[in-house]
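Okay, final17.txt now, which holds compact mmCIF, C-alpha atoms:
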```txt
# COMPACT_ATOMS: atom_id res chain seq x y z
CA MET J 1 204.94 -97.62 34.56
CA SER J 2 204.98 -97.88 30.78
CA LEU J 3 202.17 -96.98 28.45
CA PHE J 4 201.83 -100.65 27.66
CA ASP J 5 201.19 -101.42 31.35
CA LEU J 6 198.56 -98.70 31.53
CA PHE J 7 196.79 -100.20 28.55
CA ARG J 8 197.02 -103.72 29.86
CA ARG J 9 196.32 -103.14 33.55
CA GLY J 10 194.09 -100.07 33.58
CA SER J 11 194.60 -97.00 35.74
CA ALA J 12 193.84 -98.60 39.13
CA PRO J 13 197.51 -99.50 39.85
CA ILE J 14 198.46 -95.83 39.33
CA ALA J 15 195.69 -94.79 41.73
CA ARG J 16 196.97 -97.29 44.30
CA GLU J 17 200.58 -96.12 44.03
CA ARG J 18 199.65 -92.44 44.23
CA LEU J 19 197.52 -93.07 47.31
CA GLN J 20 200.22 -95.08 49.05
CA VAL J 21 202.79 -92.30 48.59
CA LEU J 22 200.37 -89.53 49.58
CA LEU J 23 199.05 -91.26 52.67
CA SER J 24 202.50 -92.15 53.98
CA HIS J 25 203.20 -88.39 53.98
CA GLU J 26 199.84 -87.37 55.41
CA ARG J 27 199.95 -89.94 58.19
CA ALA J 28 203.36 -88.64 59.28
CA ALA J 29 202.00 -85.10 59.34
CA CYS J 30 198.74 -86.09 61.02
CA GLY J 31 200.57 -87.53 64.01
CA ARG J 32 201.67 -83.96 64.78
CA PRO J 33 199.50 -81.74 62.62
CA ASP J 34 200.71 -78.66 64.49
CA LEU J 35 204.39 -79.59 64.49
CA LEU J 36 205.45 -76.82 62.11
CA SER J 37 203.58 -74.09 63.97
CA ILE J 38 205.04 -75.26 67.31
CA LEU J 39 208.55 -75.29 65.83
CA ARG J 40 207.96 -71.84 64.36
CA GLU J 41 206.89 -70.31 67.67
CA GLU J 42 209.75 -71.82 69.63
CA ILE J 43 212.39 -70.95 67.04
CA ILE J 44 211.15 -67.33 66.98
CA ALA J 45 211.33 -67.21 70.80
CA VAL J 46 214.90 -68.57 70.96
CA ILE J 47 216.37 -66.47 68.14
CA GLY J 48 214.40 -63.43 69.33
CA ARG J 49 216.24 -63.49 72.64
CA HIS J 50 219.51 -62.68 70.87
CA VAL J 51 218.63 -60.95 67.63
CA SER J 52 215.72 -58.72 66.75
CA PHE J 53 213.79 -59.47 63.60
CA GLU J 54 210.30 -59.41 62.19
CA PRO J 55 208.37 -62.64 62.97
CA ASP J 56 206.91 -62.44 59.46
CA MET J 57 210.40 -62.91 58.06
CA VAL J 58 210.65 -66.48 59.33
CA GLN J 59 210.06 -69.32 56.92
CA ILE J 60 209.99 -72.92 58.03
CA LYS J 61 209.70 -75.72 55.54
CA MET J 62 209.63 -79.42 56.09
CA ASP J 63 210.31 -81.75 53.23
CA ARG J 64 209.58 -85.42 53.78
CA ARG J 65 211.26 -87.97 51.60
CA LYS J 66 211.40 -91.72 51.80
CA SER J 67 214.55 -92.19 53.83
CA VAL J 68 215.24 -88.70 55.25
CA SER J 69 213.29 -85.52 55.86
CA THR J 70 214.74 -82.03 55.87
CA LEU J 71 213.80 -79.03 57.95
CA ALA J 72 214.73 -75.67 56.46
CA VAL J 73 214.56 -72.52 58.59
CA ASP J 74 215.05 -69.24 56.79
CA ILE J 75 215.13 -66.09 58.93
CA GLU J 76 215.72 -62.68 57.43
CA ILE J 77 217.59 -60.51 59.95
CA PRO J 78 217.85 -56.84 59.14
CA ASN J 79 221.38 -55.53 59.26
CA PRO J 80 221.59 -52.97 62.11
CA ASP J 81 223.93 -50.71 60.13
CA ARG J 82 221.56 -50.58 57.19
CA MET J 83 218.72 -49.80 59.50
CA LEU J 84 220.64 -46.74 60.56
CA GLY J 85 221.29 -45.90 56.93
CA VAL J 86 225.08 -46.35 57.29
CA ILE J 87 226.86 -48.29 54.58
CA PRO J 88 229.28 -50.73 56.23
CA HIS J 89 232.95 -50.72 55.22
CA MET Z 1 173.85 -103.86 76.03
CA ALA Z 2 173.40 -101.00 73.58
CA GLN Z 3 175.97 -100.47 70.85
CA VAL Z 4 176.67 -97.03 69.44
CA LEU Z 5 177.78 -97.05 65.80
CA VAL Z 6 178.89 -94.11 63.69
CA VAL Z 7 178.56 -94.19 59.92
CA THR Z 8 181.22 -91.82 58.62
CA SER Z 9 183.45 -91.16 55.61
CA GLY Z 10 184.94 -87.68 55.45
CA LYS Z 11 183.94 -87.30 51.81
CA GLY Z 12 180.38 -86.45 50.86
CA GLY Z 13 178.17 -88.39 48.49
CA VAL Z 14 179.70 -91.81 49.14
CA GLY Z 15 176.52 -93.28 50.68
CA LYS Z 16 176.58 -92.61 54.43
CA THR Z 17 172.90 -91.78 54.74
CA THR Z 18 171.80 -94.58 52.40
CA SER Z 19 173.96 -97.03 54.35
CA THR Z 20 172.69 -95.78 57.72
CA ALA Z 21 169.08 -96.32 56.62
CA ALA Z 22 169.78 -99.71 55.01
CA LEU Z 23 171.82 -101.06 57.95
CA GLY Z 24 169.35 -99.63 60.48
CA ALA Z 25 166.47 -101.44 58.79
CA ALA Z 26 168.53 -104.64 58.44
CA LEU Z 27 169.42 -104.62 62.16
CA ALA Z 28 165.81 -103.83 63.14
CA HIS Z 29 164.49 -106.59 60.88
CA ASP Z 30 164.58 -109.31 63.53
CA GLY Z 31 163.03 -107.12 66.22
CA ALA Z 32 166.12 -105.44 67.68
CA LYS Z 33 165.36 -101.88 68.74
CA VAL Z 34 167.25 -99.49 66.49
CA VAL Z 35 167.50 -95.71 66.39
CA VAL Z 36 169.21 -93.83 63.59
CA ILE Z 37 170.34 -90.26 64.40
CA ASP Z 38 170.94 -87.61 61.76
CA PHE Z 39 173.90 -85.41 62.78
CA ASP Z 40 173.84 -83.32 59.61
CA VAL Z 41 172.49 -80.13 61.20
CA GLY Z 42 171.18 -77.76 58.56
CA LEU Z 43 171.29 -80.34 55.76
CA ARG Z 44 169.27 -83.24 57.10
CA ASN Z 45 168.40 -86.04 54.69
CA LEU Z 46 167.99 -89.22 56.70
CA ASP Z 47 164.29 -88.30 57.19
CA LEU Z 48 163.86 -88.17 53.41
CA VAL Z 49 165.63 -91.46 52.75
CA LEU Z 50 163.42 -93.10 55.42
CA GLY Z 51 160.23 -91.51 54.07
CA ALA Z 52 159.59 -89.61 57.32
CA GLU Z 53 160.13 -86.05 56.06
CA ARG Z 54 156.52 -85.02 56.68
CA ARG Z 55 156.43 -86.43 60.20
CA VAL Z 56 159.29 -84.41 61.68
CA VAL Z 57 158.03 -82.23 64.54
CA PHE Z 58 160.95 -82.05 66.98
CA ASP Z 59 164.60 -82.75 66.31
CA LEU Z 60 167.95 -83.49 67.98
CA ILE Z 61 168.67 -79.80 68.69
CA ASN Z 62 165.22 -79.38 70.32
CA VAL Z 63 166.02 -82.31 72.62
CA ILE Z 64 169.45 -80.90 73.46
CA ASN Z 65 167.95 -77.44 74.17
CA GLY Z 66 165.23 -78.96 76.33
CA VAL Z 67 162.44 -77.74 74.01
CA ALA Z 68 161.24 -81.32 73.57
CA LYS Z 69 161.62 -84.60 75.44
CA LEU Z 70 163.43 -87.41 73.63
CA PRO Z 71 160.30 -89.58 73.06
CA GLN Z 72 158.57 -86.60 71.41
CA ALA Z 73 161.34 -86.29 68.83
CA LEU Z 74 161.66 -89.98 67.97
CA ILE Z 75 159.84 -91.04 64.80
CA ARG Z 76 158.81 -94.67 64.53
CA ASN Z 77 159.13 -96.20 61.05
CA LYS Z 78 155.73 -97.05 59.55
CA ARG Z 79 156.82 -100.32 57.99
CA LEU Z 80 159.27 -101.48 60.62
CA GLU Z 81 158.05 -100.85 64.19
CA SER Z 82 161.44 -101.39 65.84
CA LEU Z 83 163.22 -98.78 63.66
CA HIS Z 84 163.24 -95.19 64.93
CA LEU Z 85 164.63 -91.91 63.62
CA LEU Z 86 165.96 -88.93 65.56
CA PRO Z 87 166.09 -86.20 62.91
CA ALA Z 88 168.54 -83.31 62.65
CA SER Z 89 167.28 -79.76 62.71
CA GLN Z 90 167.01 -77.81 59.50
CA THR Z 91 168.24 -74.58 61.08
CA ARG Z 92 171.71 -73.37 60.29
CA ASP Z 93 172.78 -73.06 63.89
CA LYS Z 94 175.43 -75.75 64.11
CA ASP Z 95 176.72 -74.48 67.44
CA ALA Z 96 173.52 -75.73 69.03
CA LEU Z 97 175.08 -79.18 68.87
CA THR Z 98 177.07 -79.41 72.10
CA GLU Z 99 179.27 -82.17 73.41
CA ASP Z 100 177.39 -82.41 76.71
CA GLY Z 101 174.03 -82.29 74.95
CA VAL Z 102 174.96 -85.12 72.60
CA ALA Z 103 176.38 -87.15 75.52
CA LYS Z 104 173.09 -86.86 77.42
CA VAL Z 105 170.97 -87.85 74.41
CA ILE Z 106 173.18 -90.87 73.66
CA GLU Z 107 173.09 -91.93 77.33
CA GLU Z 108 169.29 -91.81 77.35
CA LEU Z 109 169.08 -93.70 74.05
CA ARG Z 110 171.39 -96.40 75.43
CA THR Z 111 168.73 -97.28 78.00
CA LYS Z 112 166.00 -97.66 75.35
CA PHE Z 113 167.66 -99.17 72.27
CA ASP Z 114 169.88 -102.08 71.22
CA TRP Z 115 171.54 -100.20 68.38
CA ILE Z 116 172.20 -96.47 68.09
CA ILE Z 117 173.46 -95.50 64.65
CA CYS Z 118 174.85 -92.00 64.17
CA ASP Z 119 174.77 -90.74 60.58
CA SER Z 120 177.72 -88.35 60.31
CA PRO Z 121 177.78 -85.31 58.05
CA ALA Z 122 180.60 -85.07 55.51
CA GLY Z 123 183.75 -83.22 56.50
CA ILE Z 124 185.73 -83.15 59.73
CA GLU Z 125 183.93 -80.26 61.43
CA ARG Z 126 181.88 -80.21 64.63
CA GLY Z 127 178.95 -82.31 63.35
CA ALA Z 128 181.27 -85.07 62.15
CA THR Z 129 183.41 -85.12 65.29
CA LEU Z 130 180.34 -85.14 67.55
CA ALA Z 131 178.73 -87.94 65.54
CA MET Z 132 181.79 -90.14 66.22
CA ARG Z 133 182.45 -88.82 69.74
CA TYR Z 134 180.62 -91.52 71.74
CA ALA Z 135 180.81 -94.39 69.24
CA ASP Z 136 181.74 -97.92 70.26
CA ALA Z 137 182.34 -98.89 66.64
CA ALA Z 138 182.68 -97.07 63.33
CA ILE Z 139 181.59 -97.93 59.82
CA ILE Z 140 183.73 -96.05 57.32
CA VAL Z 141 181.88 -95.80 54.02
CA THR Z 142 184.35 -95.71 51.14
CA ASN Z 143 184.05 -95.69 47.36
CA PRO Z 144 186.88 -97.41 45.46
CA GLU Z 145 188.21 -94.08 44.29
CA VAL Z 146 191.27 -92.01 45.31
CA SER Z 147 189.61 -89.02 47.00
CA SER Z 148 187.25 -91.18 49.02
CA VAL Z 149 190.06 -93.47 50.21
CA ARG Z 150 192.21 -90.49 51.20
CA ASP Z 151 189.38 -88.95 53.24
CA SER Z 152 188.63 -92.29 54.87
CA ASP Z 153 192.24 -92.48 55.98
CA ARG Z 154 191.89 -89.07 57.58
CA ILE Z 155 188.69 -90.12 59.35
CA ILE Z 156 190.40 -93.27 60.68
CA GLY Z 157 193.03 -90.95 62.19
CA LEU Z 158 190.29 -88.92 63.91
CA LEU Z 159 188.56 -92.06 65.21
CA ASP Z 160 191.85 -93.06 66.81
CA SER Z 161 192.40 -89.68 68.47
CA LYS Z 162 189.25 -87.59 68.92
CA THR Z 163 186.67 -90.07 70.24
CA ALA Z 164 185.77 -90.51 73.90
CA LYS Z 165 186.91 -94.13 73.68
CA ALA Z 166 190.30 -93.15 72.21
CA GLU Z 167 190.77 -90.56 74.96
CA ARG Z 168 190.17 -93.27 77.56
CA GLY Z 169 192.96 -95.25 75.92
CA GLU Z 170 190.55 -97.73 74.33
CA CYS Z 171 190.03 -98.31 70.63
CA VAL Z 172 186.95 -97.65 68.53
CA GLU Z 173 186.33 -100.78 66.48
CA LYS Z 174 186.59 -99.81 62.80
CA HIS Z 175 185.11 -101.41 59.69
CA VAL Z 176 185.25 -100.38 56.06
CA LEU Z 177 182.07 -100.61 54.00
CA ILE Z 178 182.80 -100.32 50.30
CA THR Z 179 179.90 -98.89 48.33
CA ARG Z 180 179.21 -98.25 44.63
CA TYR Z 181 181.46 -101.13 43.66
CA HIS Z 182 181.60 -102.37 40.04
CA SER Z 183 183.21 -105.80 40.08
CA SER Z 184 183.73 -105.81 36.31
CA ARG Z 185 185.45 -102.42 36.29
CA ALA Z 186 187.70 -103.48 39.16
CA ALA Z 187 188.55 -106.71 37.34
CA ARG Z 188 189.58 -104.69 34.28
CA GLY Z 189 191.83 -102.53 36.45
CA GLU Z 190 189.73 -99.41 35.90
CA MET Z 191 188.77 -99.09 39.55
CA LEU Z 192 190.67 -99.71 42.78
CA SER Z 193 190.06 -103.28 43.87
CA ILE Z 194 188.72 -104.29 47.29
CA ASN Z 195 192.17 -105.55 48.13
CA ASP Z 196 193.79 -102.23 47.18
CA VAL Z 197 191.41 -100.29 49.43
CA LEU Z 198 191.80 -102.64 52.40
CA LYS Z 199 195.57 -102.73 52.08
CA ILE Z 200 195.83 -98.95 51.94
CA LEU Z 201 193.45 -98.36 54.87
CA SER Z 202 194.56 -101.47 56.80
CA THR Z 203 191.08 -101.77 58.29
CA PRO Z 204 188.86 -104.87 58.15
CA LEU Z 205 186.06 -105.11 55.60
CA LEU Z 206 182.42 -105.08 56.68
CA GLY Z 207 180.82 -105.50 53.29
CA ILE Z 208 180.80 -104.70 49.60
CA ILE Z 209 177.74 -102.92 48.25
CA PRO Z 210 177.49 -103.12 44.47
CA GLU Z 211 176.52 -100.12 42.37
CA SER Z 212 172.83 -100.64 41.67
CA GLN Z 213 169.74 -98.93 40.38
CA GLU Z 214 167.91 -100.38 43.39
CA VAL Z 215 169.71 -98.00 45.77
CA LEU Z 216 168.48 -94.95 43.87
CA ARG Z 217 165.00 -96.41 43.51
CA ALA Z 218 164.78 -97.00 47.27
CA SER Z 219 165.72 -93.41 48.12
CA ASN Z 220 163.29 -92.14 45.46
CA VAL Z 221 160.41 -93.81 47.25
CA GLY Z 222 161.72 -93.06 50.75
CA SER Z 223 162.38 -96.57 51.98
CA PRO Z 224 165.70 -98.22 52.90
CA VAL Z 225 166.83 -100.61 50.19
CA THR Z 226 166.77 -103.47 52.70
CA LEU Z 227 163.01 -102.88 53.18
CA ASN Z 228 162.11 -101.80 49.69
CA ASN Z 229 163.62 -104.74 47.84
CA PRO Z 230 165.21 -107.19 50.31
CA GLN Z 231 166.12 -109.66 47.56
CA SER Z 232 168.13 -107.16 45.50
CA ALA Z 233 171.92 -107.46 45.38
CA PRO Z 234 172.63 -104.28 47.43
CA ALA Z 235 170.01 -105.25 50.05
CA ARG Z 236 171.54 -108.72 50.46
CA ALA Z 237 174.96 -107.13 50.84
CA TYR Z 238 173.60 -104.78 53.54
CA PHE Z 239 171.92 -107.72 55.35
CA ASP Z 240 175.25 -109.58 55.34
CA ALA Z 241 177.04 -106.47 56.65
CA ALA Z 242 174.45 -106.14 59.44
CA ARG Z 243 175.04 -109.76 60.46
CA ARG Z 244 178.78 -109.12 60.57
CA ILE Z 245 178.17 -106.10 62.83
CA LYS Z 246 176.38 -108.49 65.17
CA GLY Z 247 179.51 -110.61 65.21
CA GLU Z 248 178.47 -113.41 62.86
CA GLN Z 249 181.12 -114.91 60.61
CA ILE Z 250 179.79 -115.11 57.09
CA PRO Z 251 181.73 -115.41 53.83
CA MET Z 252 182.36 -112.20 51.91
CA LEU Z 253 180.54 -112.33 48.59
CA ILE Z 254 180.61 -109.82 45.83
CA PRO Z 255 176.91 -109.83 44.95
CA GLY Z 256 176.30 -111.01 41.41
CA GLU Z 257 179.29 -113.33 41.52
CA THR Z 258 178.91 -116.97 42.46
CA ARG Z 259 182.26 -117.53 44.11
CA GLY Z 260 183.30 -115.90 47.36
CA PHE Z 261 185.63 -112.96 46.99
CA PHE Z 262 188.42 -114.53 48.99
CA ASN Z 263 188.09 -117.88 47.21
CA LYS Z 264 188.43 -116.06 43.96
CA LEU Z 265 191.40 -114.12 45.22
CA PHE Z 266 193.23 -117.24 46.32
CA SER Z 267 192.40 -119.26 43.22
CA ARG Z 268 193.73 -116.43 41.09
CA LYS Z 269 196.93 -116.23 43.10
CA ALA Z 270 197.44 -119.98 42.84
CA ALA Z 271 197.06 -119.90 39.07
```
Could you render the structure as structure tokens?
Amino acid sequence: MSLFDLFRRGSAPIARERLQVLLSHERAACGRPDLLSILREEIIAVIGRHVSFEPDMVQIKMDRRKSVSTLAVDIEIPNPDRMLGVIPH
Amino acid sequence: MAQVLVVTSGKGGVGKTTSTAALGAALAHDGAKVVVIDFDVGLRNLDLVLGAERRVVFDLINVINGVAKLPQALIRNKRLESLHLLPASQTRDKDALTEDGVAKVIEELRTKFDWIICDSPAGIERGATLAMRYADAAIIVTNPEVSSVRDSDRIIGLLDSKTAKAERGECVEKHVLITRYHSSRAARGEMLSINDVLKILSTPLLGIIPESQEVLRASNVGSPVTLNNPQSAPARAYFDAARRIKGEQIPMLIPGETRGFFNKLFSRKAA
């Protein structure tokens, strides 16, 4: 929206557009407000069966965009060799 | 058959208590038996807006705890015999409000009254969820302003998921009541228009209450605006909203303007 539009139409159209974008995100999240925490718990359980790591080192991010959303899971797994203080070859 | 209404909003200061008092008086005006219940435990104000603050002896929590019987806690309005108030307690113990306790009180009120109007506290905590819990219909009070509209959207989500009716697979009937509306500011594009708000919330409109000195004056003297000055623009708008709650079809007017809102909308579009 140009400065000219703002002058001519007032700030209400900006308010309307901001609300429409925000609420489309919030409504998606509100359908499953606990989705991220559920995903987090289950991912920790599955990975934990095979690899040991600190649950605090798990980061889950969900990014919602208009056409696609992305889910990023970042788990820091300590290297077993380093834990023993041995530098790998 | 009794109807349970909840007046809610999410955001504070938008006019829930004022609207509860004004709609309660408007519904009671033709003799229907109305009770307004204050759910704002610890921060009650409906008693003050109705001018009954010095007559509170027992409250909702006392009734729930069995300290008092329901008729002992009900306060009859001095000017309007059919309007009653069930005040909130002024103690800070919000946990005293229990789901079973509220259910029992509402059930008993259903046998005595035509309209039961629950004035919700702001927020989405216990008091607010219990106020909407047993509602048949909801009035969502919204100001034409971004934070109020966002919170209303959140409350609509709760009405569709956390109420007893929603859990039974039914739907709580929802209406938006727009308060503090300046038609001239909306026309200049300085304020969200009625159409913007309705489109965003996709919920039908119950009424438009204009910003007015009369609303403040009525709460100053402790009388609902619909009793204090029934001819004023906000009072007429509340009377129209009350008739729509009863199911009457009446044209939506922005008080102070001669043409109907929808007529105006269509004539502008045609131009």
Minimum-distance residue to chain J, chosen among Z:Pro234, Z:Pro144, Z:Gly169, Z:Pro224 (using only C-alpha atoms):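 Nearest candidate to chain J out of Z:Pro234, Z:Pro144, Z:Gly169, Z:Pro224: Z:Pro144.
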Neighbour list for stretch 29-34 of chain Z as a PyMOL selection string, cut-off 8 Å, all atoms listed in the file, skip fewer than 6 positions in-chain: chain Z and resi 80+82-84+112-117
Would you write out, as JSON lines, a table of all residues in chain Z that have an atom no more than 12 Å from an atom of chain J, listing for each the closest atom pair and the distance in Å to one decimal, considering all atoms listed in the file and ordering rows by chain and rising residue number?
```
{"residue": "Z:Pro144", "atom": "CA", "partner": "J:Ala12", "partner_atom": "CA", "distance": 9.5}
{"residue": "Z:Glu145", "atom": "CA", "partner": "J:Ala15", "partner_atom": "CA", "distance": 7.9}
{"residue": "Z:Val146", "atom": "CA", "partner": "J:Ala15", "partner_atom": "CA", "distance": 6.3}
{"residue": "Z:Ser147", "atom": "CA", "partner": "J:Leu19", "partner_atom": "CA", "distance": 8.9}
{"residue": "Z:Ser148", "atom": "CA", "partner": "J:Leu19", "partner_atom": "CA", "distance": 10.6}
{"residue": "Z:Val149", "atom": "CA", "partner": "J:Leu19", "partner_atom": "CA", "distance": 8.0}
{"residue": "Z:Arg150", "atom": "CA", "partner": "J:Leu23", "partner_atom": "CA", "distance": 7.0}
{"residue": "Z:Asp151", "atom": "CA", "partner": "J:Leu23", "partner_atom": "CA", "distance": 10.0}
{"residue": "Z:Ser152", "atom": "CA", "partner": "J:Leu23", "partner_atom": "CA", "distance": 10.7}
{"residue": "Z:Asp153", "atom": "CA", "partner": "J:Leu23", "partner_atom": "CA", "distance": 7.7}
{"residue": "Z:Arg154", "atom": "CA", "partner": "J:Arg27", "partner_atom": "CA", "distance": 8.1}
{"residue": "Z:Ile155", "atom": "CA", "partner": "J:Cys30", "partner_atom": "CA", "distance": 11.0}
{"residue": "Z:Ile156", "atom": "CA", "partner": "J:Arg27", "partner_atom": "CA", "distance": 10.4}
{"residue": "Z:Gly157", "atom": "CA", "partner": "J:Cys30", "partner_atom": "CA", "distance": 7.6}
{"residue": "Z:Leu158", "atom": "CA", "partner": "J:Cys30", "partner_atom": "CA", "distance": 9.4}
{"residue": "Z:Asp160", "atom": "CA", "partner": "J:Gly31", "partner_atom": "CA", "distance": 10.7}
{"residue": "Z:Ser161", "atom": "CA", "partner": "J:Gly31", "partner_atom": "CA", "distance": 9.6}
{"residue": "Z:Arg185", "atom": "CA", "partner": "J:Gly10", "partner_atom": "CA", "distance": 9.4}
{"residue": "Z:Ala186", "atom": "CA", "partner": "J:Ala12", "partner_atom": "CA", "distance": 7.8}
{"residue": "Z:Ala187", "atom": "CA", "partner": "J:Arg9", "partner_atom": "CA", "distance": 9.4}
{"residue": "Z:Arg188", "atom": "CA", "partner": "J:Gly10", "partner_atom": "CA", "distance": 6.5}
{"residue": "Z:Gly189", "atom": "CA", "partner": "J:Gly10", "partner_atom": "CA", "distance": 4.4}
{"residue": "Z:Glu190", "atom": "CA", "partner": "J:Gly10", "partner_atom": "CA", "distance": 5.0}
{"residue": "Z:Met191", "atom": "CA", "partner": "J:Ala12", "partner_atom": "CA", "distance": 5.1}
{"residue": "Z:Leu192", "atom": "CA", "partner": "J:Ala12", "partner_atom": "CA", "distance": 5.0}
{"residue": "Z:Ser193", "atom": "CA", "partner": "J:Ala12", "partner_atom": "CA", "distance": 7.7}
{"residue": "Z:Ile194", "atom": "CA", "partner": "J:Ala12", "partner_atom": "CA", "distance": 11.2}
{"residue": "Z:Asn195", "atom": "CA", "partner": "J:Arg16", "partner_atom": "CA", "distance": 10.3}
{"residue": "Z:Asp196", "atom": "CA", "partner": "J:Arg16", "partner_atom": "CA", "distance": 6.5}
{"residue": "Z:Val197", "atom": "CA", "partner": "J:Arg16", "partner_atom": "CA", "distance": 8.1}
{"residue": "Z:Leu198", "atom": "CA", "partner": "J:Arg16", "partner_atom": "CA", "distance": 11.0}
{"residue": "Z:Lys199", "atom": "CA", "partner": "J:Gln20", "partner_atom": "CA", "distance": 9.5}
{"residue": "Z:Ile200", "atom": "CA", "partner": "J:Gln20", "partner_atom": "CA", "distance": 6.5}
{"residue": "Z:Leu201", "atom": "CA", "partner": "J:Leu23", "partner_atom": "CA", "distance": 9.3}
{"residue": "Z:Ser202", "atom": "CA", "partner": "J:Gln20", "partner_atom": "CA", "distance": 11.5}
```
Restrict the selected residues to C-alpha atoms and save them as a CSV table (one decimal), in the frame of the given file.
```csv
chain,number,residue,atom,x,y,z
Z,144,PRO,CA,186.9,-97.4,45.5
Z,145,GLU,CA,188.2,-94.1,44.3
Z,146,VAL,CA,191.3,-92.0,45.3
Z,147,SER,CA,189.6,-89.0,47.0
Z,148,SER,CA,187.2,-91.2,49.0
Z,149,VAL,CA,190.1,-93.5,50.2
Z,150,ARG,CA,192.2,-90.5,51.2
Z,151,ASP,CA,189.4,-89.0,53.2
Z,152,SER,CA,188.6,-92.3,54.9
Z,153,ASP,CA,192.2,-92.5,56.0
Z,154,ARG,CA,191.9,-89.1,57.6
Z,155,ILE,CA,188.7,-90.1,59.4
Z,156,ILE,CA,190.4,-93.3,60.7
Z,157,GLY,CA,193.0,-91.0,62.2
Z,158,LEU,CA,190.3,-88.9,63.9
Z,160,ASP,CA,191.8,-93.1,66.8
Z,161,SER,CA,192.4,-89.7,68.5
Z,185,ARG,CA,185.4,-102.4,36.3
Z,186,ALA,CA,187.7,-103.5,39.2
Z,187,ALA,CA,188.6,-106.7,37.3
Z,188,ARG,CA,189.6,-104.7,34.3
Z,189,GLY,CA,191.8,-102.5,36.4
Z,190,GLU,CA,189.7,-99.4,35.9
Z,191,MET,CA,188.8,-99.1,39.6
Z,192,LEU,CA,190.7,-99.7,42.8
Z,193,SER,CA,190.1,-103.3,43.9
Z,194,ILE,CA,188.7,-104.3,47.3
Z,195,ASN,CA,192.2,-105.6,48.1
Z,196,ASP,CA,193.8,-102.2,47.2
Z,197,VAL,CA,191.4,-100.3,49.4
Z,198,LEU,CA,191.8,-102.6,52.4
Z,199,LYS,CA,195.6,-102.7,52.1
Z,200,ILE,CA,195.8,-99.0,51.9
Z,201,LEU,CA,193.4,-98.4,54.9
Z,202,SER,CA,194.6,-101.5,56.8
```
Separation of atom CA of Z:Ala138 from atom CA of Z:Leu50, in Å and rounded to one decimal: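 So the answer is 21.2 Å.
When atom CA of Z:Asn220 is paired with atom CA of Z:Thr17, their separation reads 13.4 Å.
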Pick from Z:Gly207, Z:Pro87, Z:Pro251, Z:Gly101, whichever lies nearest to Z:Ala237 using only C-alpha atoms: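 Closest to Z:Ala237 of all the choices is Z:Gly207.
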